[in-house]
Amino acid sequence: MPHYFDRAPAAPSRPGRVELVLPDWTAHLATDRGVFSASGIDAGTIELLKAAGPPPPAGSHLLDLGCGYGPIALTLAHRHPECTVCAVDVNERALELTRTNAAALGIANLVTGDPPDDVRFAQIWSNPPIRIGKAALHDLLATWLARLAPGGEARLVVQKHLGSDSLAEWLRSTGYLVERTGSRKGYRLLRVTR
């Protein structure tokens with residue numbers, strides 16, 4: 001069975017468009033089958049973006065981990081043009097859509113694909129791919145959270161019934177400070193720091 005976390009989605013292409021509506025920005029985004037939340041912006045993503053948080057330092061790097069077709073990365077790049085936003089995803093179709101959407105919106109401070117190993121992030125944003133399984137999710141988060149810059153933070157959104165509380169406990173057990181900054185519409189918003 002094909003999944004949005006496959007490198008090359010088996011689902012035949014069926015391009016579509018969705019509208020991202022936030023209090024400070026509206027964008028129309030290209031999407032396609034075989035990517036996360038292809039038929040509309042995920043409710044958790046909307047809640048994460050509405051919660052925003054403090055602005056990052058000018059000139060810093062931000063990361064959208066599991067970018068899909070780019071709603072988080074594009075919003076961060078729009079809000080913080082003085083920063084570089086890195087959008088990563090295993091799904092090649094998703095990365096191509098993120099590039100297409102950035103070009104269509106005239107966003108130039110967004111790059112896709114794995115950044116160089118020495119890049120550290122002031123902020124990591126993610127609606128993490130819970131459905132890849134606990135072990136794979138823990139490996140993914142451990143790898144990228146280790147790249148937080150000193151004083152950096154991660155902002156995560158996880159559905160309550162998909163294990164948000166157990167994920168928060170695991171993060172604490174690995175040495176991170178985890179604060180629940182909100183609980184909206186069945187989603188937990190987590191702030192993770194060293």
# chains A, B, ... in the order shown; residues from 1 in each chain; ligands from 1
call {"tool": "residues_around", "arguments": {"residues": "A:Arg155", "least_positions_apart": "4", "cutoff": "6 Å", "atoms": "only C-alpha atoms", "output": "VMD selection string"}}
result
chain A and resid 125 190 to 191
call {"tool": "select_by_dssp", "arguments": {"residues": "chain A", "states": "strand (DSSP E or B)", "output": "VMD selection string"}}
result
chain A and resid 16 to 22 25 to 31 61 to 65 84 to 88 110 to 112 121 to 126 148 to 159 177 to 184 187 to 193
call {"tool": "closest_residue", "arguments": {"among": "A:Leu62, A:Leu76, A:Leu49, A:Leu95", "to": "A:Gly34", "atoms": "only C-alpha atoms"}}
result
A:Leu95
call {"tool": "closest_residue", "arguments": {"among": "A:His80, A:Arg188, A:Arg131, A:Arg17", "to": "A:Asn101", "atoms": "only C-alpha atoms"}}
result
A:Arg17
call {"tool": "residues_around", "arguments": {"residues": "stretch 20-32 of chain A", "least_positions_apart": "5", "cutoff": "7 Å", "atoms": "only C-alpha atoms", "output": "PyMOL selection string"}}
result
chain A and resi 13-15+38+41+50+69+97+101
call {"tool": "residues_around", "arguments": {"residues": "A:Asp117", "least_positions_apart": "6", "cutoff": "12 Å", "atoms": "only C-alpha atoms", "output": "list in words"}}
result
Thr143, Trp144, Ala146, Arg147 and Leu148 of chain A
call {"tool": "write_last_selection", "arguments": {"atoms": "N, CA and C atoms", "output": "PDB file, in the first residue's frame"}}
result
ATOM      1  N   THR A 143      17.635  12.591  15.084  1.00  0.00           N
ATOM      2  CA  THR A 143      18.591  13.084  14.095  1.00  0.00           C
ATOM      3  C   THR A 143      18.487  14.593  13.910  1.00  0.00           C
ATOM      4  N   TRP A 144      17.277  15.090  13.721  1.00  0.00           N
ATOM      5  CA  TRP A 144      17.110  16.507  13.398  1.00  0.00           C
ATOM      6  C   TRP A 144      17.131  17.402  14.622  1.00  0.00           C
ATOM      7  N   ALA A 146      18.944  17.071  17.132  1.00  0.00           N
ATOM      8  CA  ALA A 146      20.361  17.231  17.479  1.00  0.00           C
ATOM      9  C   ALA A 146      20.984  18.407  16.727  1.00  0.00           C
ATOM     10  N   ARG A 147      20.303  18.881  15.683  1.00  0.00           N
ATOM     11  CA  ARG A 147      20.833  19.995  14.887  1.00  0.00           C
ATOM     12  C   ARG A 147      20.248  21.350  15.278  1.00  0.00           C
ATOM     13  N   LEU A 148      19.565  21.405  16.414  1.00  0.00           N
ATOM     14  CA  LEU A 148      19.120  22.706  16.921  1.00  0.00           C
ATOM     15  C   LEU A 148      20.336  23.541  17.315  1.00  0.00           C
TER      16      LEU A 148
END
call {"tool": "closest_residue", "arguments": {"among": "A:Gly175, A:Pro128, A:Asn91, A:His61", "to": "A:Pro116", "atoms": "only C-alpha atoms"}}
result
A:His61
call {"tool": "closest_residue", "arguments": {"among": "A:Leu162, A:Leu140, A:Ala8, A:Pro115", "to": "A:Glu92", "atoms": "only C-alpha atoms"}}
result
A:Ala8
call {"tool": "select_by_dssp", "arguments": {"residues": "chain A", "states": "helix (DSSP H, G or I)", "output": "VMD selection string"}}
result
chain A and resid 43 to 51 71 to 79 92 to 105 130 to 132 134 to 145 160 to 162 164 to 173
